[in-house]
Amino acid sequence: MLEKRIITKSSQETFDFGKSLGEAIDFPLIVFLQGDMGAGKTLFCKGFVAGMGIDDEVTSPTYTIVNEYGNPPGIFHFDLYRLKDSQELYEMGFEDYLNQGCTLLLEWPDLIGENNFEPRLEIELKSQIDTPDEREIVLKTNNEKVAQRLNSL
Ligand SMILES: Nc1ncnc2c1ncn2[C@@H]1O[C@H](COP(=O)(O)OP(=O)(O)O)[C@@H](O)[C@H]1O
Ligand SMILES: [Mg+2]
């Protein structure tokens, strides 16, 4: 298990960190993004997508639930906040998204529960009231290839 912590001091730094990770990852990855509203999950995704060399506009999939980026799609970006339970997720074809060999970015992933998706990276973004432009980003993975890439950043 690798755990890595970084601090970003601005929105730009979080974007840049997402971007450098997107550049480092050259295989399909499942990213679980934890953190409160406004923590920077979507901003991180913007950077990540840019880092993968996809210049599509990245917006929050709050209402669409899933956005696709790239042509053919290289990334599916989910925001599961509005879903009631995992049944809703599977009814919208989550299995098919998983099986396409694309990278998945998942905001509000809790309803997925225990899972064995691989390779997987879990990211938590934390903010504190007294430092509004700062985020602590904690990254965890059990996957050796992902750990290697994180260590190379
Ligand atoms: N260091 C930082 N990292 C990320 N976002 C930051 C940071 N400092 C301030 N912000 C602001 O916090 C907000 C994050 O929004 P967003 O990425 O949509 O959050 P989430 O998707 O987690 O709800 C943006 O308005 C961003 O400008
Ligand atoms: Mg968001």
# chains A, B, ... in the order shown; residues from 1 in each chain; ligands from 1
>>> residues_near_ligand(ligand="ligand 1", cutoff="8 Å", atoms="only C-alpha atoms and all ligand atoms", output="PDB file with N, CA and C atoms, in the first residue's frame")
ATOM      1  N   ILE A   7       0.393  18.967  -0.438  1.00  0.00           N
ATOM      2  CA  ILE A   7      -0.390  20.172  -0.124  1.00  0.00           C
ATOM      3  C   ILE A   7      -0.376  21.063  -1.352  1.00  0.00           C
ATOM      4  N   THR A   8      -1.545  21.543  -1.764  1.00  0.00           N
ATOM      5  CA  THR A   8      -1.562  22.556  -2.817  1.00  0.00           C
ATOM      6  C   THR A   8      -2.002  23.874  -2.187  1.00  0.00           C
ATOM      7  N   LYS A   9      -1.440  24.972  -2.704  1.00  0.00           N
ATOM      8  CA  LYS A   9      -1.684  26.276  -2.093  1.00  0.00           C
ATOM      9  C   LYS A   9      -2.619  27.143  -2.922  1.00  0.00           C
ATOM     10  N   SER A  10      -3.084  26.616  -4.050  1.00  0.00           N
ATOM     11  CA  SER A  10      -3.986  27.379  -4.917  1.00  0.00           C
ATOM     12  C   SER A  10      -4.725  26.422  -5.844  1.00  0.00           C
ATOM     13  N   SER A  11      -5.804  26.938  -6.486  1.00  0.00           N
ATOM     14  CA  SER A  11      -6.537  26.158  -7.496  1.00  0.00           C
ATOM     15  C   SER A  11      -5.583  25.703  -8.589  1.00  0.00           C
ATOM     16  N   GLN A  12      -4.728  26.612  -9.012  1.00  0.00           N
ATOM     17  CA  GLN A  12      -3.783  26.303 -10.084  1.00  0.00           C
ATOM     18  C   GLN A  12      -2.908  25.111  -9.716  1.00  0.00           C
ATOM     19  N   GLU A  13      -2.459  25.074  -8.469  1.00  0.00           N
ATOM     20  CA  GLU A  13      -1.582  23.969  -8.056  1.00  0.00           C
ATOM     21  C   GLU A  13      -2.324  22.634  -8.072  1.00  0.00           C
ATOM     22  N   THR A  14      -3.609  22.659  -7.713  1.00  0.00           N
ATOM     23  CA  THR A  14      -4.389  21.411  -7.757  1.00  0.00           C
ATOM     24  C   THR A  14      -4.593  20.973  -9.204  1.00  0.00           C
ATOM     25  N   PHE A  15      -4.904  21.942 -10.070  1.00  0.00           N
ATOM     26  CA  PHE A  15      -5.024  21.648 -11.505  1.00  0.00           C
ATOM     27  C   PHE A  15      -3.712  21.052 -12.013  1.00  0.00           C
ATOM     28  N   GLN A  34     -12.642  11.498  -3.174  1.00  0.00           N
ATOM     29  CA  GLN A  34     -13.378  11.814  -1.961  1.00  0.00           C
ATOM     30  C   GLN A  34     -13.122  13.270  -1.582  1.00  0.00           C
ATOM     31  N   GLY A  35     -14.082  13.839  -0.883  1.00  0.00           N
ATOM     32  CA  GLY A  35     -13.896  15.211  -0.403  1.00  0.00           C
ATOM     33  C   GLY A  35     -15.220  15.944  -0.444  1.00  0.00           C
ATOM     34  N   ASP A  36     -15.352  16.914   0.440  1.00  0.00           N
ATOM     35  CA  ASP A  36     -16.596  17.675   0.544  1.00  0.00           C
ATOM     36  C   ASP A  36     -16.849  18.486  -0.720  1.00  0.00           C
ATOM     37  N   MET A  37     -18.044  19.054  -0.777  1.00  0.00           N
ATOM     38  CA  MET A  37     -18.409  20.007  -1.827  1.00  0.00           C
ATOM     39  C   MET A  37     -17.380  21.144  -1.832  1.00  0.00           C
ATOM     40  N   GLY A  38     -16.850  21.441  -3.002  1.00  0.00           N
ATOM     41  CA  GLY A  38     -15.887  22.536  -3.102  1.00  0.00           C
ATOM     42  C   GLY A  38     -14.462  22.155  -2.732  1.00  0.00           C
ATOM     43  N   ALA A  39     -14.240  20.872  -2.484  1.00  0.00           N
ATOM     44  CA  ALA A  39     -12.888  20.440  -2.084  1.00  0.00           C
ATOM     45  C   ALA A  39     -11.907  20.532  -3.247  1.00  0.00           C
ATOM     46  N   GLY A  40     -12.415  20.403  -4.475  1.00  0.00           N
ATOM     47  CA  GLY A  40     -11.522  20.491  -5.630  1.00  0.00           C
ATOM     48  C   GLY A  40     -11.498  19.222  -6.482  1.00  0.00           C
ATOM     49  N   LYS A  41     -12.489  18.359  -6.306  1.00  0.00           N
ATOM     50  CA  LYS A  41     -12.527  17.097  -7.069  1.00  0.00           C
ATOM     51  C   LYS A  41     -12.634  17.373  -8.568  1.00  0.00           C
ATOM     52  N   THR A  42     -13.576  18.253  -8.929  1.00  0.00           N
ATOM     53  CA  THR A  42     -13.780  18.549 -10.352  1.00  0.00           C
ATOM     54  C   THR A  42     -12.568  19.273 -10.929  1.00  0.00           C
ATOM     55  N   LEU A  43     -12.010  20.168 -10.149  1.00  0.00           N
ATOM     56  CA  LEU A  43     -10.819  20.883 -10.614  1.00  0.00           C
ATOM     57  C   LEU A  43      -9.665  19.915 -10.870  1.00  0.00           C
ATOM     58  N   PHE A  44      -9.495  18.975  -9.969  1.00  0.00           N
ATOM     59  CA  PHE A  44      -8.481  17.941 -10.155  1.00  0.00           C
ATOM     60  C   PHE A  44      -8.735  17.194 -11.477  1.00  0.00           C
ATOM     61  N   CYS A  45     -10.013  16.872 -11.736  1.00  0.00           N
ATOM     62  CA  CYS A  45     -10.365  16.149 -12.976  1.00  0.00           C
ATOM     63  C   CYS A  45     -10.008  16.972 -14.208  1.00  0.00           C
ATOM     64  N   SER A  60     -18.625  19.829 -14.397  1.00  0.00           N
ATOM     65  CA  SER A  60     -19.082  18.896 -13.377  1.00  0.00           C
ATOM     66  C   SER A  60     -20.256  18.075 -13.896  1.00  0.00           C
ATOM     67  N   GLU A 107     -16.475  11.009  -8.791  1.00  0.00           N
ATOM     68  CA  GLU A 107     -16.742  11.886  -7.644  1.00  0.00           C
ATOM     69  C   GLU A 107     -17.910  11.296  -6.858  1.00  0.00           C
ATOM     70  N   LEU A 125      -9.440  14.861  -1.025  1.00  0.00           N
ATOM     71  CA  LEU A 125      -9.052  16.271  -0.952  1.00  0.00           C
ATOM     72  C   LEU A 125      -9.672  16.869   0.308  1.00  0.00           C
ATOM     73  N   PRO A 132      -8.323  28.813   3.215  1.00  0.00           N
ATOM     74  CA  PRO A 132      -9.307  28.517   2.171  1.00  0.00           C
ATOM     75  C   PRO A 132      -8.714  28.164   0.804  1.00  0.00           C
ATOM     76  N   ASP A 133      -7.489  28.554   0.533  1.00  0.00           N
ATOM     77  CA  ASP A 133      -6.905  28.249  -0.776  1.00  0.00           C
ATOM     78  C   ASP A 133      -5.930  27.079  -0.720  1.00  0.00           C
ATOM     79  N   GLU A 134      -5.935  26.382   0.396  1.00  0.00           N
ATOM     80  CA  GLU A 134      -5.031  25.261   0.553  1.00  0.00           C
ATOM     81  C   GLU A 134      -5.807  23.952   0.586  1.00  0.00           C
ATOM     82  N   ARG A 135      -5.247  22.915  -0.010  1.00  0.00           N
ATOM     83  CA  ARG A 135      -5.855  21.592   0.065  1.00  0.00           C
ATOM     84  C   ARG A 135      -4.779  20.581   0.420  1.00  0.00           C
TER      85      ARG A 135
END
>>> residues_around(residues="segment 88-105 of chain A", least_positions_apart="2", cutoff="9 Å", atoms="only C-alpha atoms", output="PyMOL selection string")
chain A and resi 27-33+45+73-80+83-86+107+111-112+117
>>> atom_distance(atom1="atom CA of Gln148 of chain A", atom2="atom CA of Pro72 of chain A")
27.4 Å
>>> atom_distance(atom1="atom CA of Glu144 of chain A", atom2="atom CA of Tyr69 of chain A")
26.4 Å
>>> closest_residue(among="A:Asp16, A:Glu122, A:Asp55, A:Asp26", to="Thr141 of chain A", atoms="only C-alpha atoms")
A:Glu122
>>> closest_residue(among="A:Glu23, A:Pro119, A:Ile54, A:Asp110", to="Lys145 of chain A", atoms="only C-alpha atoms")
A:Pro119
>>> select_by_dssp(residues="chain A", states="alpha helix (DSSP H)", output="JSON, numbers by chain")
{"A": [11, 12, 13, 14, 15, 16, 17, 18, 19, 20, 21, 22, 23, 24, 41, 42, 43, 44, 45, 46, 47, 48, 49, 50, 51, 86, 87, 88, 89, 90, 91, 94, 95, 96, 97, 98, 144, 145, 146, 147, 148, 149, 150, 151]}
>>> write_last_selection(atoms="N, CA and C atoms", output="tab-separated table (two decimals), in the first residue's frame")
chain	number	residue	atom	x	y	z
A	11	SER	N	-5.80	26.94	-6.49
A	11	SER	CA	-6.54	26.16	-7.50
A	11	SER	C	-5.58	25.70	-8.59
A	12	GLN	N	-4.73	26.61	-9.01
A	12	GLN	CA	-3.78	26.30	-10.08
A	12	GLN	C	-2.91	25.11	-9.72
A	13	GLU	N	-2.46	25.07	-8.47
A	13	GLU	CA	-1.58	23.97	-8.06
A	13	GLU	C	-2.32	22.63	-8.07
A	14	THR	N	-3.61	22.66	-7.71
A	14	THR	CA	-4.39	21.41	-7.76
A	14	THR	C	-4.59	20.97	-9.20
A	15	PHE	N	-4.90	21.94	-10.07
A	15	PHE	CA	-5.02	21.65	-11.51
A	15	PHE	C	-3.71	21.05	-12.01
A	16	ASP	N	-2.62	21.70	-11.68
A	16	ASP	CA	-1.31	21.24	-12.17
A	16	ASP	C	-0.96	19.85	-11.65
A	17	PHE	N	-1.34	19.57	-10.41
A	17	PHE	CA	-1.07	18.24	-9.88
A	17	PHE	C	-1.89	17.19	-10.63
A	18	GLY	N	-3.17	17.50	-10.86
A	18	GLY	CA	-4.02	16.59	-11.65
A	18	GLY	C	-3.42	16.38	-13.02
A	19	LYS	N	-2.91	17.44	-13.60
A	19	LYS	CA	-2.33	17.36	-14.94
A	19	LYS	C	-1.08	16.47	-14.96
A	20	SER	N	-0.23	16.65	-13.98
A	20	SER	CA	0.99	15.83	-13.98
A	20	SER	C	0.64	14.35	-13.75
A	21	LEU	N	-0.40	14.10	-12.98
A	21	LEU	CA	-0.82	12.71	-12.80
A	21	LEU	C	-1.40	12.15	-14.11
A	22	GLY	N	-2.22	12.96	-14.78
A	22	GLY	CA	-2.79	12.54	-16.07
A	22	GLY	C	-1.70	12.25	-17.09
A	23	GLU	N	-0.62	13.00	-17.02
A	23	GLU	CA	0.50	12.77	-17.94
A	23	GLU	C	1.24	11.48	-17.60
A	24	ALA	N	1.30	11.19	-16.30
A	24	ALA	CA	2.09	10.02	-15.85
A	24	ALA	C	1.36	8.70	-16.07
A	41	LYS	N	-12.49	18.36	-6.31
A	41	LYS	CA	-12.53	17.10	-7.07
A	41	LYS	C	-12.63	17.37	-8.57
A	42	THR	N	-13.58	18.25	-8.93
A	42	THR	CA	-13.78	18.55	-10.35
A	42	THR	C	-12.57	19.27	-10.93
A	43	LEU	N	-12.01	20.17	-10.15
A	43	LEU	CA	-10.82	20.88	-10.61
A	43	LEU	C	-9.67	19.92	-10.87
A	44	PHE	N	-9.50	18.97	-9.97
A	44	PHE	CA	-8.48	17.94	-10.15
A	44	PHE	C	-8.74	17.19	-11.48
A	45	CYS	N	-10.01	16.87	-11.74
A	45	CYS	CA	-10.36	16.15	-12.98
A	45	CYS	C	-10.01	16.97	-14.21
A	46	LYS	N	-10.25	18.28	-14.13
A	46	LYS	CA	-9.89	19.16	-15.27
A	46	LYS	C	-8.42	19.02	-15.60
A	47	GLY	N	-7.60	19.04	-14.56
A	47	GLY	CA	-6.16	18.90	-14.76
A	47	GLY	C	-5.81	17.53	-15.31
A	48	PHE	N	-6.42	16.51	-14.75
A	48	PHE	CA	-6.12	15.13	-15.15
A	48	PHE	C	-6.43	14.92	-16.63
A	49	VAL	N	-7.61	15.40	-17.06
A	49	VAL	CA	-8.03	15.24	-18.46
A	49	VAL	C	-7.05	15.98	-19.38
A	50	ALA	N	-6.68	17.20	-18.98
A	50	ALA	CA	-5.71	17.96	-19.78
A	50	ALA	C	-4.39	17.20	-19.86
A	51	GLY	N	-3.99	16.60	-18.75
A	51	GLY	CA	-2.73	15.84	-18.70
A	51	GLY	C	-2.76	14.62	-19.60
A	86	SER	N	-26.57	1.96	-5.47
A	86	SER	CA	-25.74	1.37	-6.52
A	86	SER	C	-26.61	0.75	-7.61
A	87	GLN	N	-27.83	0.40	-7.27
A	87	GLN	CA	-28.72	-0.16	-8.30
A	87	GLN	C	-28.93	0.85	-9.44
A	88	GLU	N	-29.13	2.11	-9.06
A	88	GLU	CA	-29.30	3.17	-10.08
A	88	GLU	C	-28.08	3.26	-10.98
A	89	LEU	N	-26.93	3.08	-10.36
A	89	LEU	CA	-25.67	3.17	-11.10
A	89	LEU	C	-25.58	2.02	-12.12
A	90	TYR	N	-25.91	0.83	-11.68
A	90	TYR	CA	-25.81	-0.31	-12.59
A	90	TYR	C	-26.90	-0.25	-13.66
A	91	GLU	N	-28.07	0.34	-13.31
A	91	GLU	CA	-29.14	0.51	-14.31
A	91	GLU	C	-28.72	1.47	-15.42
A	94	PHE	N	-23.33	1.08	-15.73
A	94	PHE	CA	-21.98	1.27	-15.17
A	94	PHE	C	-21.03	0.16	-15.61
A	95	GLU	N	-21.56	-1.06	-15.63
A	95	GLU	CA	-20.77	-2.23	-16.05
A	95	GLU	C	-20.15	-2.00	-17.44
A	96	ASP	N	-20.96	-1.45	-18.34
A	96	ASP	CA	-20.47	-1.20	-19.70
A	96	ASP	C	-19.36	-0.16	-19.71
A	97	TYR	N	-19.52	0.87	-18.88
A	97	TYR	CA	-18.47	1.89	-18.79
A	97	TYR	C	-17.17	1.26	-18.28
A	98	LEU	N	-17.32	0.41	-17.26
A	98	LEU	CA	-16.15	-0.26	-16.68
A	98	LEU	C	-15.41	-1.11	-17.70
A	144	GLU	N	0.82	-1.73	-7.80
A	144	GLU	CA	2.24	-1.43	-7.90
A	144	GLU	C	2.57	-0.45	-9.03
A	145	LYS	N	1.88	-0.64	-10.16
A	145	LYS	CA	2.14	0.22	-11.32
A	145	LYS	C	1.72	1.66	-11.00
A	146	VAL	N	0.57	1.80	-10.34
A	146	VAL	CA	0.09	3.13	-9.98
A	146	VAL	C	1.04	3.77	-8.96
A	147	ALA	N	1.49	2.96	-8.00
A	147	ALA	CA	2.41	3.45	-6.97
A	147	ALA	C	3.70	3.97	-7.61
A	148	GLN	N	4.19	3.22	-8.60
A	148	GLN	CA	5.39	3.65	-9.34
A	148	GLN	C	5.21	5.02	-9.96
A	149	ARG	N	4.06	5.20	-10.62
A	149	ARG	CA	3.80	6.48	-11.28
A	149	ARG	C	3.70	7.61	-10.27
A	150	LEU	N	3.05	7.33	-9.13
A	150	LEU	CA	2.93	8.35	-8.09
A	150	LEU	C	4.30	8.74	-7.56
A	151	ASN	N	5.14	7.75	-7.39
A	151	ASN	CA	6.48	8.01	-6.88
A	151	ASN	C	7.33	8.81	-7.84
